[in-house]
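**Student:** Below: one structure in structure tokens.
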Amino acid sequence: MLLGVSAIVFLMITLTPGDPVEIMLADQRATPEQVAALRRDLGLDRPLVERFLVFLGNALRGDFGISFFHRRPVWDVIAERLPATIELTLFSLLVAVLVAIPLGVIAAVKRDTWLDRALSAASLFGVSLPGFWFGILLILLFAVELRLLPVGGRIGFGFDVLRITGFLLVDTLLAGDIAALRNVLTHLMLPAITLGLPTAALLARVIRSSMAEVLASDYVLFAEAKGLPRRRVLLLHALKNALIPTVTVTAIETGQLLGGNMIVETVFGWPGLGRLVVESIFARNYPLVQAAVLLYAVTYVMLNFAADLLYTALNPKVRL
Amino acid sequence: MTMAEPLLAVRGLRTVFPTRRGLLAACDGVDLQLAAGEALGVVGESGSGKSVTFLSVLGLIRPPGRIDAGEILFEGRNLIRLPAAALRTLRGRAMALAMQDSLSALNPALTIGTQIVETILAHGLARSRAAARDRAVELLHCVGIPSPDRRLNDYPHQFSGGMRQRAMIAIALAAEPKLLVADEPTTALDVTIRAQVLDLIDRLRRERGLAVALITHDLGVVAERCDRVMVMYAGQVVEEGPTAEVIARPRHPYTRGLLASLPSLEDPDRPIDAIPGQVPDLTHVDAGCRFRNRCPLAVELCMQPVELRALGANRLSRCIRAEAVA
Ligand SMILES: Nc1ncnc2c1ncn2[C@@H]1O[C@H](COP(=O)(O)OP(=O)(O)OP(=O)(O)O)[C@@H](O)[C@H]1O
Ligand code: SF4
Ligand SMILES: [Mg+2]
């Protein structure tokens with residue numbers, strides 16, 4: 001599967017019109033000799049099949065080549081940007097889950113009331129929200145109009161935090177710098193909401209339907225017959241079972257979040273992998289795009305694997 | 001015991017569900033009484049309202065279903081007037097439910113231990129989790145589960161069918177209720193395990209004075225285990241009386257039909273007479289006898305409302321021709 005993904009990406013990116021060398025040298029007046037030299041340097045004078053095989057061979061050894069643009073190993077460039085993206089993705093996921101669980105549970109408990117219908121309409125709206133539009137709207141409202149939150153970036157100027165892990169939430173905590181931590185959180189807020197809300201809407205729908213099914217089950221009736229407090233019936237007996245099918249959807253959605261990053265990171269000037277990939281596509285920076293897509297694919301596969309593991313952990317019946 | 005104030009007295013209970021075809025009265029004017037230590041058999045075709053009647057008693061009718069009329073007196077208190085929180089403290093503690101399929105009744109994601117301990121703790125019957133656990137071990141031991149200490153950590157699916165059914169009963173009875181509603185507790189079990197479970201319920205009844213409402217399709221079980229039997233048809237009680245008497249001499253054509261549809265023990269070759277015809281649509285019933293479209297004894301007068309009436313000291317029948325039933 002990963003091989004297929006690599007081949008498709010390789011073909012798509014090399015066959016799109018536009019020449020990396022011309023883009024790189026666009027603002028310098030280069031002689032045809034210089035262009036040819038750079039092309040030879042980058043290996044672009046080779047036939048397509050050979051380039052693909054070389055790419056594959058190197059990739060298998062963990063070598064993704066040199067980023068045309070940065071003139072540094074692709075992997076180094078990616079590794080530098082990765083923490084920002086992971087941090088944003090995880091935080092968005094947290095936002096999504098924290099929003100989705102209560103809404104899904106409430107909708108299921110109040111099934112077929114006006115509240116359920118309102119939530120269901122809201123989530124339909126949320127699922128179909130275009131990310132860039134919503135992001136810009138949030139920026140205009142909270143950053144430009146109300147001036148409550150920053151427009152973009154990960155951390156304000158004037159904060160100097162030692163980057164140990166690259167995860168600013170962790171780094172600020174390690175440094176014990178609470179003001180910086182708060183600043184990082186304010187920067188995370190808008191992009192995380194933009195990225196997480198459609199996911200929250202989708203998860204809420206999934207939770208609502210699995211919760212509704214569970215609430216009609218014999219074991220919930222039996223739990224009520226035992227005289228347990230309603231909160232325990234809903235949040236332990238029902239929710240624990242209702243979350244099992246949700247886990248798989250969440251893992252798949254995390255993959256979607258990674259994709260959604262490209263738009264949101266660009267809108268919010270977030271220095272992560274998504275924005276790097278977008279820039280690299282425009283610059284026809286083949287090695288970087290290939291490596292990034294491969295990374296996305298591997299992550300996607302691993303997320304599905306993690307979903308299976310979690311599913312097993314939550315569901316004692318399959319744990320045999 | 002029969003003369004004493006009954007533990008449970010239900011009068012004129014009517015429970016309805018809104019459906020697309022109209023309001024469905026799943027039980028409609030049900031009267032019943034149950035004393036401590038007594039076992040009441042509840043029989044009737046599928047859909048006759050047995051489960052709904054007793055779920056109403058437990059206050060477990062889910063919206064949009066609701067109790068529309070009647071009173072449910074438990075130790076003299078009307079449960080219908082009780083606020084939800086007060087009713088909840090009675091559930092499990094005063095009255096409990098055992099269900100047909102323990103695999104679906106027990107939570108698949110929680111251990112047996114958790115499911116017993118939470119009941120004990122919810123009713124404040126143990127000072128600590130450890131004390132509750134000790135009680136749980138005792139309860140499992142009491143229903144005949146070997147090495148209960150270890151089995152507490154098992155999930156329901158790790159129990160065999162018969163053991164799980166007994167464990168469910170132990171869980172239902174963890175807070176020592178006075179009334180057990182057993183809704184077809186043995187239907188899913190094979191003969192030997194069925195006997196084990198029924199023996200267990202019998203024993204608890206004798207030892208603790210537990211009142212049992214045993215809902216079943218099996219008249220044989222009723223004959224063996226219940227002092228009294230109540231026959232339901234289309235949401236109403238049509239006959240009630242001491243089990244032996246009702247079986248020997250039914251006073252309602254429906255009961256007679258039910259008995260005739262059983263394979264006979266003395267004469268296994270006797271053909272089984274299923275009652276012909278269909279149960280009336282519960283969303284559109286008239287005031288007359290609900291059995292009249294299937295009744296071999298029906299007369300003109302059966303179109304009039306028919307009340308449940310006393311026949312002698314301890315028999316009840318909802319039939320104007322009760323004396324003619326043979
Ligand atoms: N939640 C509900 N919504 C609508 N109708 C219901 C609901 N629950 C029960 N009913 C209806 O009420 C009637 C009585 O149902 P009930 O479950 O009490 O029958 P039962 O005598 O227990 O039957 P069985 O022997 O099959 O368990 C049936 O016609 C059923 O369709
Ligand atoms: S009242 Fe009439 S119809 Fe109803 S059971 Fe008796 S004889 Fe039959
Ligand atoms: Mg039933």
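Quick note on naming: the chains in the structure tokens go A, B, ... in the order shown, residues restart at 1 in each chain, and ligands are numbered from 1 in order of appearance.
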Just the helix (DSSP H, G or I) stuff from range 152-255 of chain A, please, per backbone DSSP, written as a PDB file with N, CA and C atoms, in the first residue's frame.
**Tutor:**
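This is the output file selection_9.pdb:
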```
ATOM      1  N   LEU A 168       5.650  23.331  22.113  1.00  0.00           N
ATOM      2  CA  LEU A 168       5.762  24.520  22.950  1.00  0.00           C
ATOM      3  C   LEU A 168       5.015  24.383  24.269  1.00  0.00           C
ATOM      4  N   LEU A 169       3.908  23.612  24.249  1.00  0.00           N
ATOM      5  CA  LEU A 169       3.190  23.423  25.518  1.00  0.00           C
ATOM      6  C   LEU A 169       4.089  22.732  26.530  1.00  0.00           C
ATOM      7  N   VAL A 170       4.844  21.757  26.038  1.00  0.00           N
ATOM      8  CA  VAL A 170       5.748  21.021  26.922  1.00  0.00           C
ATOM      9  C   VAL A 170       6.950  21.882  27.289  1.00  0.00           C
ATOM     10  N   ASP A 171       7.516  22.547  26.287  1.00  0.00           N
ATOM     11  CA  ASP A 171       8.720  23.342  26.525  1.00  0.00           C
ATOM     12  C   ASP A 171       8.470  24.472  27.522  1.00  0.00           C
ATOM     13  N   THR A 172       7.321  25.148  27.395  1.00  0.00           N
ATOM     14  CA  THR A 172       7.048  26.232  28.332  1.00  0.00           C
ATOM     15  C   THR A 172       6.860  25.682  29.738  1.00  0.00           C
ATOM     16  N   LEU A 173       6.240  24.495  29.816  1.00  0.00           N
ATOM     17  CA  LEU A 173       6.061  23.868  31.126  1.00  0.00           C
ATOM     18  C   LEU A 173       7.407  23.490  31.722  1.00  0.00           C
ATOM     19  N   LEU A 174       8.275  22.921  30.879  1.00  0.00           N
ATOM     20  CA  LEU A 174       9.594  22.527  31.353  1.00  0.00           C
ATOM     21  C   LEU A 174      10.359  23.739  31.842  1.00  0.00           C
ATOM     22  N   ALA A 175      10.162  24.858  31.129  1.00  0.00           N
ATOM     23  CA  ALA A 175      10.857  26.075  31.530  1.00  0.00           C
ATOM     24  C   ALA A 175      10.179  26.726  32.733  1.00  0.00           C
ATOM     25  N   ILE A 178       4.944  30.264  32.985  1.00  0.00           N
ATOM     26  CA  ILE A 178       3.490  30.189  32.873  1.00  0.00           C
ATOM     27  C   ILE A 178       2.954  31.230  31.890  1.00  0.00           C
ATOM     28  N   ALA A 179       3.539  32.404  31.878  1.00  0.00           N
ATOM     29  CA  ALA A 179       3.089  33.440  30.951  1.00  0.00           C
ATOM     30  C   ALA A 179       3.251  32.968  29.511  1.00  0.00           C
ATOM     31  N   ALA A 180       4.378  32.322  29.233  1.00  0.00           N
ATOM     32  CA  ALA A 180       4.617  31.816  27.880  1.00  0.00           C
ATOM     33  C   ALA A 180       3.626  30.700  27.552  1.00  0.00           C
ATOM     34  N   LEU A 181       3.355  29.842  28.544  1.00  0.00           N
ATOM     35  CA  LEU A 181       2.405  28.759  28.337  1.00  0.00           C
ATOM     36  C   LEU A 181       1.047  29.325  27.960  1.00  0.00           C
ATOM     37  N   ARG A 182       0.645  30.362  28.692  1.00  0.00           N
ATOM     38  CA  ARG A 182      -0.645  30.971  28.406  1.00  0.00           C
ATOM     39  C   ARG A 182      -0.644  31.571  27.002  1.00  0.00           C
ATOM     40  N   ASN A 183       0.463  32.162  26.656  1.00  0.00           N
ATOM     41  CA  ASN A 183       0.574  32.756  25.325  1.00  0.00           C
ATOM     42  C   ASN A 183       0.469  31.686  24.235  1.00  0.00           C
ATOM     43  N   VAL A 184       1.122  30.576  24.467  1.00  0.00           N
ATOM     44  CA  VAL A 184       1.059  29.481  23.487  1.00  0.00           C
ATOM     45  C   VAL A 184      -0.382  28.997  23.346  1.00  0.00           C
ATOM     46  N   LEU A 185      -1.069  28.893  24.490  1.00  0.00           N
ATOM     47  CA  LEU A 185      -2.464  28.435  24.450  1.00  0.00           C
ATOM     48  C   LEU A 185      -3.341  29.397  23.653  1.00  0.00           C
ATOM     49  N   THR A 186      -3.124  30.705  23.835  1.00  0.00           N
ATOM     50  CA  THR A 186      -3.949  31.649  23.078  1.00  0.00           C
ATOM     51  C   THR A 186      -3.669  31.522  21.577  1.00  0.00           C
ATOM     52  N   HIS A 187      -2.437  31.200  21.245  1.00  0.00           N
ATOM     53  CA  HIS A 187      -2.134  31.000  19.821  1.00  0.00           C
ATOM     54  C   HIS A 187      -2.765  29.723  19.278  1.00  0.00           C
ATOM     55  N   LEU A 188      -2.863  28.722  20.143  1.00  0.00           N
ATOM     56  CA  LEU A 188      -3.420  27.444  19.697  1.00  0.00           C
ATOM     57  C   LEU A 188      -4.931  27.514  19.497  1.00  0.00           C
ATOM     58  N   MET A 189      -5.566  28.381  20.291  1.00  0.00           N
ATOM     59  CA  MET A 189      -7.019  28.367  20.377  1.00  0.00           C
ATOM     60  C   MET A 189      -7.739  28.414  19.025  1.00  0.00           C
ATOM     61  N   LEU A 190      -7.501  29.464  18.255  1.00  0.00           N
ATOM     62  CA  LEU A 190      -8.259  29.619  17.013  1.00  0.00           C
ATOM     63  C   LEU A 190      -7.969  28.520  15.988  1.00  0.00           C
ATOM     64  N   PRO A 191      -6.686  28.240  15.708  1.00  0.00           N
ATOM     65  CA  PRO A 191      -6.467  27.147  14.749  1.00  0.00           C
ATOM     66  C   PRO A 191      -7.036  25.817  15.230  1.00  0.00           C
ATOM     67  N   ALA A 192      -6.947  25.550  16.540  1.00  0.00           N
ATOM     68  CA  ALA A 192      -7.461  24.277  17.044  1.00  0.00           C
ATOM     69  C   ALA A 192      -8.969  24.204  16.894  1.00  0.00           C
ATOM     70  N   ILE A 193      -9.641  25.332  17.126  1.00  0.00           N
ATOM     71  CA  ILE A 193     -11.100  25.338  16.960  1.00  0.00           C
ATOM     72  C   ILE A 193     -11.456  25.154  15.493  1.00  0.00           C
ATOM     73  N   THR A 194     -10.743  25.876  14.625  1.00  0.00           N
ATOM     74  CA  THR A 194     -11.015  25.756  13.198  1.00  0.00           C
ATOM     75  C   THR A 194     -10.829  24.316  12.726  1.00  0.00           C
ATOM     76  N   LEU A 195      -9.761  23.721  13.182  1.00  0.00           N
ATOM     77  CA  LEU A 195      -9.442  22.369  12.747  1.00  0.00           C
ATOM     78  C   LEU A 195     -10.345  21.345  13.437  1.00  0.00           C
ATOM     79  N   GLY A 196     -10.635  21.594  14.716  1.00  0.00           N
ATOM     80  CA  GLY A 196     -11.318  20.582  15.510  1.00  0.00           C
ATOM     81  C   GLY A 196     -12.829  20.581  15.383  1.00  0.00           C
ATOM     82  N   LEU A 197     -13.411  21.718  15.021  1.00  0.00           N
ATOM     83  CA  LEU A 197     -14.864  21.800  15.059  1.00  0.00           C
ATOM     84  C   LEU A 197     -15.567  20.851  14.081  1.00  0.00           C
ATOM     85  N   PRO A 198     -15.130  20.782  12.845  1.00  0.00           N
ATOM     86  CA  PRO A 198     -15.787  19.811  11.957  1.00  0.00           C
ATOM     87  C   PRO A 198     -15.654  18.384  12.489  1.00  0.00           C
ATOM     88  N   THR A 199     -14.495  18.086  13.066  1.00  0.00           N
ATOM     89  CA  THR A 199     -14.310  16.763  13.664  1.00  0.00           C
ATOM     90  C   THR A 199     -15.251  16.578  14.844  1.00  0.00           C
ATOM     91  N   ALA A 200     -15.376  17.623  15.664  1.00  0.00           N
ATOM     92  CA  ALA A 200     -16.293  17.553  16.809  1.00  0.00           C
ATOM     93  C   ALA A 200     -17.706  17.262  16.327  1.00  0.00           C
ATOM     94  N   ALA A 201     -18.097  17.943  15.254  1.00  0.00           N
ATOM     95  CA  ALA A 201     -19.456  17.759  14.738  1.00  0.00           C
ATOM     96  C   ALA A 201     -19.670  16.315  14.290  1.00  0.00           C
ATOM     97  N   LEU A 202     -18.665  15.795  13.592  1.00  0.00           N
ATOM     98  CA  LEU A 202     -18.793  14.413  13.114  1.00  0.00           C
ATOM     99  C   LEU A 202     -18.819  13.429  14.283  1.00  0.00           C
ATOM    100  N   LEU A 203     -17.895  13.624  15.224  1.00  0.00           N
ATOM    101  CA  LEU A 203     -17.837  12.715  16.373  1.00  0.00           C
ATOM    102  C   LEU A 203     -19.128  12.783  17.189  1.00  0.00           C
ATOM    103  N   ALA A 204     -19.676  13.987  17.323  1.00  0.00           N
ATOM    104  CA  ALA A 204     -20.917  14.130  18.095  1.00  0.00           C
ATOM    105  C   ALA A 204     -22.027  13.301  17.457  1.00  0.00           C
ATOM    106  N   ARG A 205     -22.054  13.291  16.128  1.00  0.00           N
ATOM    107  CA  ARG A 205     -23.085  12.502  15.440  1.00  0.00           C
ATOM    108  C   ARG A 205     -22.873  11.017  15.684  1.00  0.00           C
ATOM    109  N   VAL A 206     -21.612  10.596  15.621  1.00  0.00           N
ATOM    110  CA  VAL A 206     -21.325   9.179  15.851  1.00  0.00           C
ATOM    111  C   VAL A 206     -21.683   8.790  17.279  1.00  0.00           C
ATOM    112  N   ILE A 207     -21.287   9.660  18.242  1.00  0.00           N
ATOM    113  CA  ILE A 207     -21.567   9.354  19.645  1.00  0.00           C
ATOM    114  C   ILE A 207     -23.068   9.345  19.897  1.00  0.00           C
ATOM    115  N   ARG A 208     -23.773  10.282  19.300  1.00  0.00           N
ATOM    116  CA  ARG A 208     -25.217  10.315  19.498  1.00  0.00           C
ATOM    117  C   ARG A 208     -25.849   8.998  19.058  1.00  0.00           C
ATOM    118  N   SER A 209     -25.470   8.528  17.876  1.00  0.00           N
ATOM    119  CA  SER A 209     -26.159   7.335  17.394  1.00  0.00           C
ATOM    120  C   SER A 209     -25.744   6.093  18.172  1.00  0.00           C
ATOM    121  N   SER A 210     -24.456   5.984  18.531  1.00  0.00           N
ATOM    122  CA  SER A 210     -24.098   4.772  19.279  1.00  0.00           C
ATOM    123  C   SER A 210     -24.632   4.847  20.703  1.00  0.00           C
ATOM    124  N   MET A 211     -24.689   6.052  21.251  1.00  0.00           N
ATOM    125  CA  MET A 211     -25.242   6.227  22.603  1.00  0.00           C
ATOM    126  C   MET A 211     -26.739   5.902  22.606  1.00  0.00           C
ATOM    127  N   ALA A 212     -27.435   6.341  21.572  1.00  0.00           N
ATOM    128  CA  ALA A 212     -28.875   6.079  21.508  1.00  0.00           C
ATOM    129  C   ALA A 212     -29.131   4.572  21.461  1.00  0.00           C
ATOM    130  N   GLU A 213     -28.284   3.890  20.709  1.00  0.00           N
ATOM    131  CA  GLU A 213     -28.430   2.444  20.608  1.00  0.00           C
ATOM    132  C   GLU A 213     -28.188   1.787  21.971  1.00  0.00           C
ATOM    133  N   VAL A 214     -27.127   2.232  22.629  1.00  0.00           N
ATOM    134  CA  VAL A 214     -26.775   1.652  23.927  1.00  0.00           C
ATOM    135  C   VAL A 214     -27.852   1.948  24.976  1.00  0.00           C
ATOM    136  N   LEU A 215     -28.420   3.156  24.914  1.00  0.00           N
ATOM    137  CA  LEU A 215     -29.434   3.518  25.917  1.00  0.00           C
ATOM    138  C   LEU A 215     -30.670   2.629  25.820  1.00  0.00           C
ATOM    139  N   ASP A 218     -30.610  -3.743  26.965  1.00  0.00           N
ATOM    140  CA  ASP A 218     -31.028  -4.403  28.200  1.00  0.00           C
ATOM    141  C   ASP A 218     -30.128  -4.017  29.361  1.00  0.00           C
ATOM    142  N   TYR A 219     -28.812  -3.910  29.122  1.00  0.00           N
ATOM    143  CA  TYR A 219     -27.943  -3.683  30.271  1.00  0.00           C
ATOM    144  C   TYR A 219     -28.108  -2.299  30.877  1.00  0.00           C
ATOM    145  N   VAL A 220     -28.548  -1.332  30.073  1.00  0.00           N
ATOM    146  CA  VAL A 220     -28.842  -0.026  30.655  1.00  0.00           C
ATOM    147  C   VAL A 220     -30.134  -0.107  31.479  1.00  0.00           C
ATOM    148  N   LEU A 221     -31.112  -0.836  30.973  1.00  0.00           N
ATOM    149  CA  LEU A 221     -32.345  -1.046  31.730  1.00  0.00           C
ATOM    150  C   LEU A 221     -32.024  -1.751  33.050  1.00  0.00           C
ATOM    151  N   PHE A 222     -31.183  -2.766  32.967  1.00  0.00           N
ATOM    152  CA  PHE A 222     -30.819  -3.533  34.160  1.00  0.00           C
ATOM    153  C   PHE A 222     -30.077  -2.637  35.158  1.00  0.00           C
ATOM    154  N   ALA A 223     -29.172  -1.797  34.643  1.00  0.00           N
ATOM    155  CA  ALA A 223     -28.436  -0.881  35.521  1.00  0.00           C
ATOM    156  C   ALA A 223     -29.403   0.075  36.222  1.00  0.00           C
ATOM    157  N   GLU A 224     -30.407   0.541  35.491  1.00  0.00           N
ATOM    158  CA  GLU A 224     -31.398   1.425  36.110  1.00  0.00           C
ATOM    159  C   GLU A 224     -32.202   0.667  37.152  1.00  0.00           C
ATOM    160  N   ALA A 225     -32.508  -0.602  36.847  1.00  0.00           N
ATOM    161  CA  ALA A 225     -33.296  -1.412  37.778  1.00  0.00           C
ATOM    162  C   ALA A 225     -32.553  -1.626  39.093  1.00  0.00           C
ATOM    163  N   ARG A 230     -28.279   8.153  38.158  1.00  0.00           N
ATOM    164  CA  ARG A 230     -28.432   8.336  36.719  1.00  0.00           C
ATOM    165  C   ARG A 230     -27.094   8.667  36.044  1.00  0.00           C
ATOM    166  N   ARG A 231     -26.279   9.438  36.755  1.00  0.00           N
ATOM    167  CA  ARG A 231     -25.001   9.830  36.179  1.00  0.00           C
ATOM    168  C   ARG A 231     -24.134   8.602  35.906  1.00  0.00           C
ATOM    169  N   ARG A 232     -24.162   7.661  36.846  1.00  0.00           N
ATOM    170  CA  ARG A 232     -23.352   6.459  36.671  1.00  0.00           C
ATOM    171  C   ARG A 232     -23.882   5.601  35.513  1.00  0.00           C
ATOM    172  N   VAL A 233     -25.188   5.532  35.410  1.00  0.00           N
ATOM    173  CA  VAL A 233     -25.772   4.752  34.314  1.00  0.00           C
ATOM    174  C   VAL A 233     -25.354   5.350  32.971  1.00  0.00           C
ATOM    175  N   LEU A 234     -25.465   6.680  32.876  1.00  0.00           N
ATOM    176  CA  LEU A 234     -25.176   7.324  31.592  1.00  0.00           C
ATOM    177  C   LEU A 234     -23.684   7.329  31.285  1.00  0.00           C
ATOM    178  N   LEU A 235     -22.878   7.750  32.270  1.00  0.00           N
ATOM    179  CA  LEU A 235     -21.479   8.017  31.968  1.00  0.00           C
ATOM    180  C   LEU A 235     -20.591   6.788  32.109  1.00  0.00           C
ATOM    181  N   LEU A 236     -21.023   5.795  32.847  1.00  0.00           N
ATOM    182  CA  LEU A 236     -20.204   4.584  32.912  1.00  0.00           C
ATOM    183  C   LEU A 236     -20.839   3.484  32.057  1.00  0.00           C
ATOM    184  N   HIS A 237     -22.031   3.049  32.436  1.00  0.00           N
ATOM    185  CA  HIS A 237     -22.638   1.907  31.745  1.00  0.00           C
ATOM    186  C   HIS A 237     -22.876   2.192  30.269  1.00  0.00           C
ATOM    187  N   ALA A 238     -23.446   3.347  29.980  1.00  0.00           N
ATOM    188  CA  ALA A 238     -23.792   3.620  28.584  1.00  0.00           C
ATOM    189  C   ALA A 238     -22.584   4.145  27.810  1.00  0.00           C
ATOM    190  N   LEU A 239     -21.958   5.191  28.334  1.00  0.00           N
ATOM    191  CA  LEU A 239     -20.908   5.849  27.544  1.00  0.00           C
ATOM    192  C   LEU A 239     -19.736   4.918  27.245  1.00  0.00           C
ATOM    193  N   LYS A 240     -19.374   4.099  28.221  1.00  0.00           N
ATOM    194  CA  LYS A 240     -18.216   3.231  28.000  1.00  0.00           C
ATOM    195  C   LYS A 240     -18.431   2.343  26.771  1.00  0.00           C
ATOM    196  N   ASN A 241     -19.639   1.843  26.638  1.00  0.00           N
ATOM    197  CA  ASN A 241     -19.932   1.012  25.470  1.00  0.00           C
ATOM    198  C   ASN A 241     -20.122   1.843  24.206  1.00  0.00           C
ATOM    199  N   ALA A 242     -20.712   3.026  24.378  1.00  0.00           N
ATOM    200  CA  ALA A 242     -20.974   3.858  23.205  1.00  0.00           C
ATOM    201  C   ALA A 242     -19.672   4.375  22.599  1.00  0.00           C
ATOM    202  N   LEU A 243     -18.630   4.506  23.430  1.00  0.00           N
ATOM    203  CA  LEU A 243     -17.372   5.052  22.910  1.00  0.00           C
ATOM    204  C   LEU A 243     -16.597   4.029  22.080  1.00  0.00           C
ATOM    205  N   ILE A 244     -16.898   2.752  22.281  1.00  0.00           N
ATOM    206  CA  ILE A 244     -16.126   1.735  21.560  1.00  0.00           C
ATOM    207  C   ILE A 244     -16.170   1.935  20.039  1.00  0.00           C
ATOM    208  N   PRO A 245     -17.364   2.065  19.447  1.00  0.00           N
ATOM    209  CA  PRO A 245     -17.364   2.300  17.995  1.00  0.00           C
ATOM    210  C   PRO A 245     -16.817   3.675  17.622  1.00  0.00           C
ATOM    211  N   THR A 246     -16.793   4.591  18.582  1.00  0.00           N
ATOM    212  CA  THR A 246     -16.326   5.943  18.288  1.00  0.00           C
ATOM    213  C   THR A 246     -14.811   5.994  18.104  1.00  0.00           C
ATOM    214  N   VAL A 247     -14.123   5.062  18.758  1.00  0.00           N
ATOM    215  CA  VAL A 247     -12.665   5.083  18.740  1.00  0.00           C
ATOM    216  C   VAL A 247     -12.119   4.960  17.312  1.00  0.00           C
ATOM    217  N   THR A 248     -12.673   4.056  16.557  1.00  0.00           N
ATOM    218  CA  THR A 248     -12.208   3.855  15.190  1.00  0.00           C
ATOM    219  C   THR A 248     -12.411   5.125  14.367  1.00  0.00           C
ATOM    220  N   VAL A 249     -13.594   5.701  14.520  1.00  0.00           N
ATOM    221  CA  VAL A 249     -13.881   6.924  13.771  1.00  0.00           C
ATOM    222  C   VAL A 249     -12.899   8.022  14.175  1.00  0.00           C
ATOM    223  N   THR A 250     -12.599   8.096  15.462  1.00  0.00           N
ATOM    224  CA  THR A 250     -11.676   9.132  15.936  1.00  0.00           C
ATOM    225  C   THR A 250     -10.300   8.969  15.303  1.00  0.00           C
ATOM    226  N   ALA A 251      -9.824   7.729  15.236  1.00  0.00           N
ATOM    227  CA  ALA A 251      -8.508   7.503  14.642  1.00  0.00           C
ATOM    228  C   ALA A 251      -8.500   7.912  13.180  1.00  0.00           C
ATOM    229  N   ILE A 252      -9.548   7.549  12.470  1.00  0.00           N
ATOM    230  CA  ILE A 252      -9.607   7.911  11.058  1.00  0.00           C
ATOM    231  C   ILE A 252      -9.696   9.426  10.913  1.00  0.00           C
ATOM    232  N   GLU A 253     -10.464  10.046  11.806  1.00  0.00           N
ATOM    233  CA  GLU A 253     -10.600  11.498  11.780  1.00  0.00           C
ATOM    234  C   GLU A 253      -9.266  12.194  12.056  1.00  0.00           C
ATOM    235  N   THR A 254      -8.437  11.579  12.907  1.00  0.00           N
ATOM    236  CA  THR A 254      -7.133  12.176  13.175  1.00  0.00           C
ATOM    237  C   THR A 254      -6.340  12.259  11.880  1.00  0.00           C
ATOM    238  N   GLY A 255      -6.479  11.242  11.057  1.00  0.00           N
ATOM    239  CA  GLY A 255      -5.853  11.278   9.740  1.00  0.00           C
ATOM    240  C   GLY A 255      -6.370  12.455   8.920  1.00  0.00           C
TER     241      GLY A 255
END
```
**Student:** Could you give me the residues within 8 Å of ligand 1, counting only C-alpha atoms and all ligand atoms, as a PyMOL selection string?
**Tutor:** chain B and resi 16-19+24-27+43-53+61-65+183-184+215-217+232+234-235+282
**Student:** What does the list of residues within 12 Å of ligand 2 look like if you count only C-alpha atoms and all ligand atoms, written as a PyMOL selection string?
**Tutor:** chain B and resi 233-234+236-239+250-257+287-309+317-326
**Student:** Extract, using only C-alpha atoms, all DNA, RNA and protein residues at most 12 Å from Arg150 in chain B, discarding same-chain residues fewer than 6 positions from it, and format them as a list in words.
**Tutor:**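 Everything that qualifies: Thr111, Ile112, Gly113, Arg133, Asp134, Ala136, Val137, Leu140, His141 and Phe159 of chain B.
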**Student:** Extract, using only C-alpha atoms, all DNA, RNA and protein residues at most 12 Å from Thr192 in chain B, discarding same-chain residues fewer than 6 positions from it, and format them as a list in words.
**Tutor:**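 In the requested format, the answer is Gly161, Gly162, Thr186, Leu198 and Asp199 of chain B.
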**Student:** Kindly provide, as an MDAnalysis selection string, the residues of chain B having any atom no farther than 10 Å from an atom of chain A, counting only C-alpha atoms.
**Tutor:** chainID B and resid 55 58:62 64 85:111 115:116 118:123 154:158 168 171:175 177
**Student:** By how many Å are CA of Leu56 in chain A and CA of His70 in chain A apart?
**Tutor:**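 Spanning CA of Leu56 in chain A to CA of His70 in chain A is a straight-line distance of 21.2 Å.
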**Student:** Go through B:Ala244, B:Leu180, B:Val42, B:Ile169 one by one, measure the shortest atom-to-atom distance of each to ligand 3 using only C-alpha atoms and all ligand atoms, and give the residue with the smallest value.
**Tutor:**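 Answer, going by the shortest atom-to-atom distance: B:Val42.
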**Student:** Which of these, B:Ala182, B:Ala39, B:Val279, B:Ala310, has the shortest distance to ligand 3 once you count only C-alpha atoms and all ligand atoms?
**Tutor:** B:Ala182
**Student:** What lies within 12 Å of Ala195 in chain B using only C-alpha atoms, ignoring chain neighbours under 2 positions off, as a list in words?
**Tutor:**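 Non-adjacent residues within range: Gly162, Gln165, Arg166, Pro185, Thr186, Thr187, Leu189, Asp190, Val191, Thr192, Ile193, Val197, Leu198, Asp199, Leu200, Ile201, Asp202, Arg203, Gly220, Val221, Glu224 and Arg225 of chain B.
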**Student:** Which value, in Å to one decimal, gives the distance between CA of Glu75 in chain B and CA of Leu7 in chain B?
**Tutor:**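 Between these atoms lies a distance of 5.1 Å.
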**Student:** Interatomic distance between CA of Glu71 in chain B and CA of Ala9 in chain B?
**Tutor:**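 Spanning CA of Glu71 in chain B to CA of Ala9 in chain B is a straight-line distance of 8.1 Å.
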**Student:** Considering only C-alpha atoms and all ligand atoms, can you say which of B:Leu214, B:Val143, B:Asp28, B:Gly312 comes closest to ligand 3?
**Tutor:** B:Leu214
